[in-house]
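*Asks:* You'll find model_5.csv just under this line, and it carries CSV, C-alpha atoms.
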chain,number,residue,atom,x,y,z
A,1,MET,CA,157.5,105.7,139.3
A,2,SER,CA,158.1,103.4,136.5
A,3,SER,CA,159.7,104.6,133.3
A,4,SER,CA,159.8,102.9,129.9
A,5,LYS,CA,161.9,103.7,126.8
A,6,ARG,CA,160.1,103.7,123.4
A,7,GLU,CA,161.5,104.2,120.0
A,8,ILE,CA,159.7,105.8,117.0
A,9,ILE,CA,160.7,103.4,114.2
A,10,SER,CA,158.3,104.6,111.5
A,11,VAL,CA,155.9,107.4,110.7
A,12,ASP,CA,153.1,107.3,108.1
A,13,PRO,CA,154.2,109.8,105.5
A,14,ILE,CA,150.7,110.6,104.1
A,15,HIS,CA,149.0,111.0,107.6
A,16,THR,CA,152.0,112.9,109.1
A,17,ALA,CA,152.5,115.2,106.1
A,18,LYS,CA,148.7,116.0,106.0
A,19,THR,CA,148.6,116.8,109.7
A,20,LEU,CA,151.8,118.9,109.7
A,21,VAL,CA,150.9,120.8,106.5
A,22,LEU,CA,147.7,121.9,108.3
A,23,VAL,CA,149.6,123.0,111.3
A,24,TYR,CA,152.1,124.7,108.9
A,25,LEU,CA,149.3,126.6,107.2
A,26,CYS,CA,148.0,127.9,110.5
A,27,PHE,CA,151.3,129.7,110.9
A,28,SER,CA,152.1,130.6,107.3
A,29,LEU,CA,148.7,131.9,106.1
A,30,PRO,CA,148.9,135.1,108.2
A,31,VAL,CA,152.4,135.7,106.8
A,32,ILE,CA,151.2,135.1,103.2
A,33,GLY,CA,148.3,137.4,104.0
A,34,LEU,CA,150.6,140.2,105.0
A,35,PHE,CA,152.5,139.9,101.7
A,36,PHE,CA,149.3,140.0,99.8
A,37,PHE,CA,148.1,143.0,101.9
A,38,ASP,CA,151.3,144.8,101.2
A,39,ALA,CA,151.1,144.0,97.5
A,40,TYR,CA,147.6,145.3,97.3
A,41,PHE,CA,148.5,148.7,98.8
A,42,ARG,CA,151.6,149.0,96.6
A,43,TYR,CA,149.9,148.0,93.3
A,44,GLY,CA,146.2,148.6,93.9
A,45,GLU,CA,145.1,145.1,93.0
A,46,ILE,CA,146.0,141.5,93.3
A,47,PRO,CA,144.4,139.0,90.8
A,48,LEU,CA,142.6,136.2,92.5
A,49,PHE,CA,144.6,133.5,90.7
A,50,VAL,CA,147.8,135.0,92.3
A,51,VAL,CA,146.3,134.5,95.8
A,52,LEU,CA,145.0,131.0,95.0
A,53,TYR,CA,148.3,130.1,93.3
A,54,GLY,CA,150.3,131.3,96.3
A,55,VAL,CA,148.2,129.3,98.8
A,56,PHE,CA,148.1,126.3,96.5
A,57,LEU,CA,151.9,126.2,96.1
A,58,ASN,CA,152.3,126.6,99.8
A,59,VAL,CA,150.2,123.5,100.4
A,60,ILE,CA,151.7,121.4,97.6
A,61,PHE,CA,155.4,122.3,98.5
A,62,GLY,CA,154.7,122.0,102.2
A,63,PHE,CA,153.0,118.6,101.8
A,64,SER,CA,155.7,117.3,99.4
A,65,ILE,CA,158.6,118.3,101.6
A,66,LEU,CA,157.0,116.9,104.7
A,67,TRP,CA,156.2,113.6,102.9
A,68,LEU,CA,159.8,113.4,101.8
A,69,ALA,CA,161.0,114.1,105.3
A,70,CYS,CA,158.9,111.3,106.6
A,71,LYS,CA,160.3,108.9,104.0
A,72,VAL,CA,163.9,109.9,104.9
A,73,TYR,CA,163.1,109.5,108.6
A,74,ASN,CA,161.8,106.0,108.1
A,75,TRP,CA,164.9,105.1,106.1
A,76,VAL,CA,167.3,106.5,108.7
A,77,ALA,CA,165.3,104.9,111.5
A,78,ALA,CA,165.4,101.5,109.8
A,79,LYS,CA,169.2,101.7,109.3
A,80,PHE,CA,170.4,103.5,112.5
A,81,GLY,CA,167.5,103.5,114.9
A,82,GLY,CA,164.7,106.0,115.5
A,83,ILE,CA,164.1,108.7,118.0
A,84,GLU,CA,164.0,107.4,121.6
A,85,LEU,CA,161.4,108.6,124.1
A,86,ASP,CA,161.6,108.0,127.8
A,87,LEU,CA,158.0,107.8,129.1
A,88,LYS,CA,156.8,107.7,132.7
A,89,GLU,CA,153.5,106.8,134.2
A,90,ILE,CA,151.6,109.8,135.7
A,91,PRO,CA,149.3,109.0,138.6
A,92,VAL,CA,145.7,110.0,138.1
A,93,GLU,CA,145.7,112.6,140.9
A,94,GLN,CA,148.6,114.5,139.3
A,95,SER,CA,147.3,114.5,135.7
A,96,VAL,CA,144.3,116.7,136.4
A,97,PRO,CA,145.0,119.8,138.6
A,98,GLN,CA,142.3,120.3,141.1
A,99,LYS,CA,141.1,123.8,142.2
A,100,GLU,CA,141.9,124.9,145.6
A,101,SER,CA,139.1,126.4,147.6
A,102,ASN,CA,139.8,129.7,149.3
A,103,GLN,CA,138.0,129.8,152.6
A,104,ASN,CA,138.5,132.9,154.7
Before anything else, please render the file you have as structure tokens.
*Replies:*
Amino acid sequence: MSSSKREIISVDPIHTAKTLVLVYLCFSLPVIGLFFFDAYFRYGEIPLFVVLYGVFLNVIFGFSILWLACKVYNWVAAKFGGIELDLKEIPVEQSVPQKESNQN
């Protein structure tokens, strides 16, 4: 089986940050929801602007930090080299598992 090394030399900051912030939100929104749920039972109400502001800040800070991380990665990869990947070819018959038939 042949193998080839590849190096990630650059990532698109906008595209990567947009994609990763959406993944981040999938995991963080339930946690934020638990905080709002707890606050509702403690204080009896939560203004809508607090909920929207909490989610908005999560998106803005998440996107900004991920964008900055991509810029830093691109700088480091240009100076010292990027992340190396060792890829191998997978034959077609191994890539899709086939169902075994049970004949009794």
*Asks:* What lies within 10 Å of Ser10 of chain A using all atoms listed in the file, ignoring chain neighbours under 5 positions off, as a list in words?
*Replies:* Cys70, Lys71, Tyr73, Asn74, Trp75, Val76, Ala77, Ala78, Gly81, Gly82 and Ile83 of chain A
*Asks:* Atom CA of Thr16 of chain A and atom CA of Phe36 of chain A are how many Å apart?
*Replies:*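 For atom CA of Thr16 of chain A relative to atom CA of Phe36 of chain A, the distance reads 28.8 Å.
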*Asks:* Compare A:Glu93, A:Leu57, A:Asp86, A:Trp67 by their minimum atom-to-atom distance to Ser2 of chain A, counting all atoms listed in the file, and give me the closest one.
*Replies:* A:Asp86
*Asks:* Please measure the separation of atom CA of Ala69 of chain A and atom CA of Asp12 of chain A, giving the value in Å to one decimal.
*Replies:*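 If I compute the distance from atom CA of Ala69 of chain A to atom CA of Asp12 of chain A, I get 10.8 Å.
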*Asks:* To one decimal in Å, tell me the separation between atom CA of Gly33 of chain A and atom CA of Val21 of chain A.
*Replies:*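 Taking atom CA of Gly33 of chain A as the start and atom CA of Val21 of chain A as the end point, the length is 17.0 Å.
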